[in-house]
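Input: a single structure, listed below in structure tokens.
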Amino acid sequence: MNRSWNTLNRRGGARTFAAALVAAFVAALLGPVPAASAAAEPQLNTPAATLDAALRCPSSFTHPDHEPVLLVHGTTSNYDETWGWNYAPALRDAGYDVCGVELPNRSMGDIQEASEYVVHAIDRIYAATGRKADVIGHSQGNMEMRWAVKWWPHLQSRVDDLVFLANPGHGTTGGNLFCVGWCAPALHQFNIGSQFNAALNRDDETPGDVSYTNIYSLTDEAITPFTTAPLDGAKNILVQDVCAGRVVAHYSMLYDAVAYKLVVDALSHSGTAIPSRLPFGKCLDVNLPGVWPHEAVAATAITAANFTAEILNATTVPAEPPLRAYAQ
């Protein structure tokens with residue numbers, strides 16, 4: 001398993017060491033976060049130093065022709081396992097400055113707490129560049145992104161695109177099945193009918209002048225029913241409407257070539273992704289640029305093992321965390 005993971009990380013070199021160095025001076029590099037939050041917006045409860053340490057950004061932003069990109073991972077995972085071998089290097093090669101955020105407790109805790117990491121990351125990127133960010137999420141990461149822009153509305157002027165991959169938009173039956181009793185806080189919040197989902201989807205599901213691209217799949221085994229994924233106000237793109245019969249599972253959404261082309265289309269144009277802009281032969285490629293089949297297999301195996309370990313060993317609670325006062 002370690003050899004497989006080293007293979008996945010070969011393009012990043014000493015990524016762990018570099019990430020530690022970046023975390024050490026990221027606050028100095030980006031400077032203080034501007035006091036742009038309106039007085040009515042919630043205060044962040046997580047210490048700024050903790051939030052800074054969770055942000056992975058390049059030592060400098062050198063691609064002013066593109067908005068910087070922030071990548072947000074999902075449940076039971078972390079930044080490297082989700083993004084470090086696929087989207088991060090592919091987008092860097094395509095000319096984007098790429099940042100990532102390390103959500104706490106492998107995203108098994110309260111999603112309301114994890115969302116503060118996304119709020120802070122977007123503010124830090126804006127402080128460093130003066131430009132809007134494009135934010136891409138996978139699975140639960142989409143919930144943090146949506147929660148952030150909903151309850152911290154100043155972010156709506158600091159985000160150009162929100163792009164969702166395998167979005168559990170209105171909750172999933174998996175949450176209900178796992179949480180018949182005690183389970184991890186985030187899994188309670190995944191439940192269809194949870195207070196968290198009700199608050200997330202209350203009123204406007206896609207607030208602000210932000211381009212929302214929502215890419216989902218009929219064959220996603222985790223986002224069930226698949227009809228939970230579409231959001232009012234988003235460009236909802238079913239992969240099978242673009243390429244009939246294509247099989248894209250929950251994790252393979254992270255390396256599927258068609259999903260990646262849709263993401264880049266959203267990032268490189270004003271507004272959302274438009275499937276008709278994809279090139280002829282768009283359905284022939286399997287994996288996104290730079291991802292070899294053995295890397296995809298190894299990454300999927302690692303993710304499956306970590307998912308099982310986290311489900312078995314996570315701190316569990318009898319009910320979902322109470323809604324924060326600002327969301328009630």
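Just remember, in the structure tokens the first chain shown is A, the second B, etc., residues are 1-based per chain, and ligands are 1-based in the order shown.
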Inset, instruction - Within 10 Å of Gly193 of chain A, counting only C-alpha atoms, which residues show up once you throw out same-chain ones fewer than 6 positions away? Write them as a count of residues only, please. - result: 5
Inset, instruction - Just the residues within 10 Å of Thr315 of chain A, please, counting only C-alpha atoms, with nothing from its chain fewer than 5 positions along; format it as a list of chain:residue names. - result: A:Asn105, A:Met108, A:Gly109, A:Trp182, A:Cys183, A:Ala184, A:Pro185, A:Glu310
Legend entry - Every residue of segment 7-203 of chain A that DSSP places in alpha helix (DSSP H), as a ChimeraX atom specification: /A:7-8,15-30,48-53,79-83,87-93,111-129,141-151,173-178,185-190,195-200
Using only C-alpha atoms, tabulate the residues of segment 177-293 of chain A lying at most 7 Å from any atom of segment 68-92 of chain A, each with its closest atom pair and that distance in Å to one decimal, by chain and increasing residue number, as a Markdown table.
| residue | atom | partner | partner_atom | distance |
| --- | --- | --- | --- | --- |
| A:Tyr255 | CA | A:Asn86 | CA | 6.4 |
| A:Pro289 | CA | A:Ala90 | CA | 6.1 |
| A:Gly290 | CA | A:Ala90 | CA | 6.7 |
| A:Val291 | CA | A:Asn86 | CA | 6.2 |
Take the residues just selected and output them with C-alpha atoms as a PDB file, in the first residue's frame.
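As written to disk, selection.pdb reads:
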ATOM      1  CA  TYR A 255     -10.397  10.990 -12.551  1.00  0.00           C
ATOM      2  CA  PRO A 289      -4.618  14.067 -18.271  1.00  0.00           C
ATOM      3  CA  GLY A 290      -1.693  12.484 -16.485  1.00  0.00           C
ATOM      4  CA  VAL A 291      -3.636   9.765 -14.639  1.00  0.00           C
TER       5      VAL A 291
END
Inset, instruction - Take atom CA of Val163 of chain A and atom CA of Asp256 of chain A and report the distance between them in Å, one decimal. - result: 14.8 Å
Inset, instruction - Can you work out which one of A:Asp209, A:Val180, A:Asp265, A:Thr303 has the shortest atom-to-atom distance to Val317 of chain A, counting only C-alpha atoms? - result: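 With only C-alpha atoms as the atom set, the closest residue is A:Val180.
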Legend entry - Atom-to-atom span, atom CA of Val118 of chain A and atom CA of Leu254 of chain A, Å: 19.5 Å
Inset, instruction - Name the residues in contact with Ser217 of chain A at a cut-off of 9 Å, using only C-alpha atoms, excluding same-chain residues fewer than 3 positions from it; report them as a VMD selection string. - result: chain A and resid 166 220 223 226 229 237 to 240 246 to 250 253
Any chance you could export the current selection's C-alpha atoms as a compact mmCIF listing (two decimals), in the first residue's frame?
# COMPACT_ATOMS: atom_id res chain seq x y z
CA ALA A 166 -20.76 13.89 -6.96
CA ASP A 220 -22.77 6.99 -8.48
CA ILE A 223 -25.26 9.67 -4.11
CA PHE A 226 -29.30 10.35 -7.94
CA ALA A 229 -27.94 15.89 -6.63
CA ILE A 237 -25.10 18.14 -15.89
CA LEU A 238 -25.74 14.40 -15.87
CA VAL A 239 -22.64 12.65 -17.23
CA GLN A 240 -24.81 10.13 -19.08
CA ARG A 246 -20.79 6.03 -19.50
CA VAL A 247 -20.13 4.47 -16.08
CA VAL A 248 -18.82 6.97 -13.54
CA ALA A 249 -18.84 5.88 -9.91
CA HIS A 250 -18.50 8.08 -6.84
CA MET A 253 -15.64 11.07 -10.71
Legend entry - Residue contacts of segment 139-151 of chain A (8 Å, only C-alpha atoms) excluding same-chain residues fewer than 3 positions away, as a ChimeraX atom specification: /A:41-42,72-75,107,111-112,114-116,118-119,135-136,154-156,162,164-169,200,206-207,250,326-327
Based on the selection just made, write C-alpha atoms of those residues as a short mmCIF file (atom, residue, chain, number, x, y, z; two decimals), in the first residue's frame.
data_model
loop_
_atom_site.label_atom_id
_atom_site.label_comp_id
_atom_site.auth_asym_id
_atom_site.auth_seq_id
_atom_site.Cartn_x
_atom_site.Cartn_y
_atom_site.Cartn_z
CA GLU A 41 -22.09 37.22 9.49
CA PRO A 42 -20.99 34.50 11.91
CA VAL A 72 -12.20 20.75 -1.26
CA HIS A 73 -12.17 17.03 -0.42
CA GLY A 74 -14.92 14.79 0.93
CA THR A 75 -15.74 12.33 3.70
CA SER A 107 -14.44 15.32 7.28
CA ILE A 111 -19.80 19.98 8.66
CA GLN A 112 -20.58 23.38 10.13
CA ALA A 114 -15.40 22.12 8.57
CA SER A 115 -17.08 24.85 6.51
CA GLU A 116 -15.09 27.47 8.43
CA VAL A 118 -13.44 26.84 3.37
CA VAL A 119 -14.53 30.33 4.42
CA VAL A 135 -13.81 26.32 -5.97
CA ILE A 136 -14.15 22.63 -6.84
CA HIS A 154 -19.43 38.28 1.42
CA LEU A 155 -17.85 35.20 -0.20
CA GLN A 156 -20.33 35.47 -3.06
CA LEU A 162 -18.47 26.68 -7.69
CA PHE A 164 -19.60 20.25 -7.71
CA LEU A 165 -18.53 16.66 -8.39
CA ALA A 166 -20.76 13.89 -6.96
CA ASN A 167 -22.82 16.35 -4.97
CA PRO A 168 -25.06 15.04 -2.14
CA GLY A 169 -27.29 18.04 -2.75
CA LEU A 200 -28.57 24.20 3.64
CA THR A 206 -27.54 28.75 -5.26
CA PRO A 207 -27.20 32.23 -3.75
CA HIS A 250 -18.50 8.08 -6.84
CA TYR A 326 -26.94 31.71 12.56
CA ALA A 327 -28.57 28.85 10.62
#
Legend entry - Two-atom distance - atom CA of Asn236 of chain A, atom CA of Asn214 of chain A (Å): 4.7 Å
Inset, instruction - Run DSSP on the backbone and grab whatever in segment 72-321 of chain A lands in strand (DSSP E or B); send it over as an MDAnalysis selection string. - result: chainID A and resid 72 98:101 133:138 159:165 169 171:172 183 191 211:216 235:238 256 287 317
Write the selection just made, keeping C-alpha atoms, as a tab-separated table (two decimals), in the first residue's frame?
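Below is the file again.tsv, written as the result:
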chain	number	residue	atom	x	y	z
A	72	VAL	CA	-12.20	20.75	-1.26
A	98	VAL	CA	-4.01	25.46	-7.24
A	99	CYS	CA	-4.76	25.58	-3.53
A	100	GLY	CA	-6.30	22.92	-1.33
A	101	VAL	CA	-7.76	22.78	2.12
A	133	ALA	CA	-11.45	31.98	-6.74
A	134	ASP	CA	-12.87	28.97	-8.54
A	135	VAL	CA	-13.81	26.32	-5.97
A	136	ILE	CA	-14.15	22.63	-6.84
A	137	GLY	CA	-15.53	20.06	-4.43
A	138	HIS	CA	-16.05	16.33	-4.30
A	159	VAL	CA	-16.01	33.26	-5.83
A	160	ASP	CA	-16.40	33.06	-9.61
A	161	ASP	CA	-17.27	29.36	-10.06
A	162	LEU	CA	-18.47	26.68	-7.69
A	163	VAL	CA	-18.08	23.31	-9.38
A	164	PHE	CA	-19.60	20.25	-7.71
A	165	LEU	CA	-18.53	16.66	-8.39
A	169	GLY	CA	-27.29	18.04	-2.75
A	171	GLY	CA	-28.89	14.35	1.48
A	172	THR	CA	-28.40	10.69	0.66
A	183	CYS	CA	-22.52	7.41	14.01
A	191	ASN	CA	-29.37	12.12	6.19
A	211	SER	CA	-21.64	30.31	-11.53
A	212	TYR	CA	-22.81	26.92	-10.20
A	213	THR	CA	-21.87	23.83	-12.25
A	214	ASN	CA	-23.15	20.56	-10.79
A	215	ILE	CA	-21.81	17.33	-12.37
A	216	TYR	CA	-23.43	14.07	-11.29
A	235	LYS	CA	-26.26	24.10	-14.36
A	236	ASN	CA	-27.00	20.45	-13.54
A	237	ILE	CA	-25.10	18.14	-15.89
A	238	LEU	CA	-25.74	14.40	-15.87
A	256	ASP	CA	-13.08	10.68	-15.22
A	287	ASN	CA	-9.00	9.31	-17.45
A	317	VAL	CA	-22.71	10.59	18.51
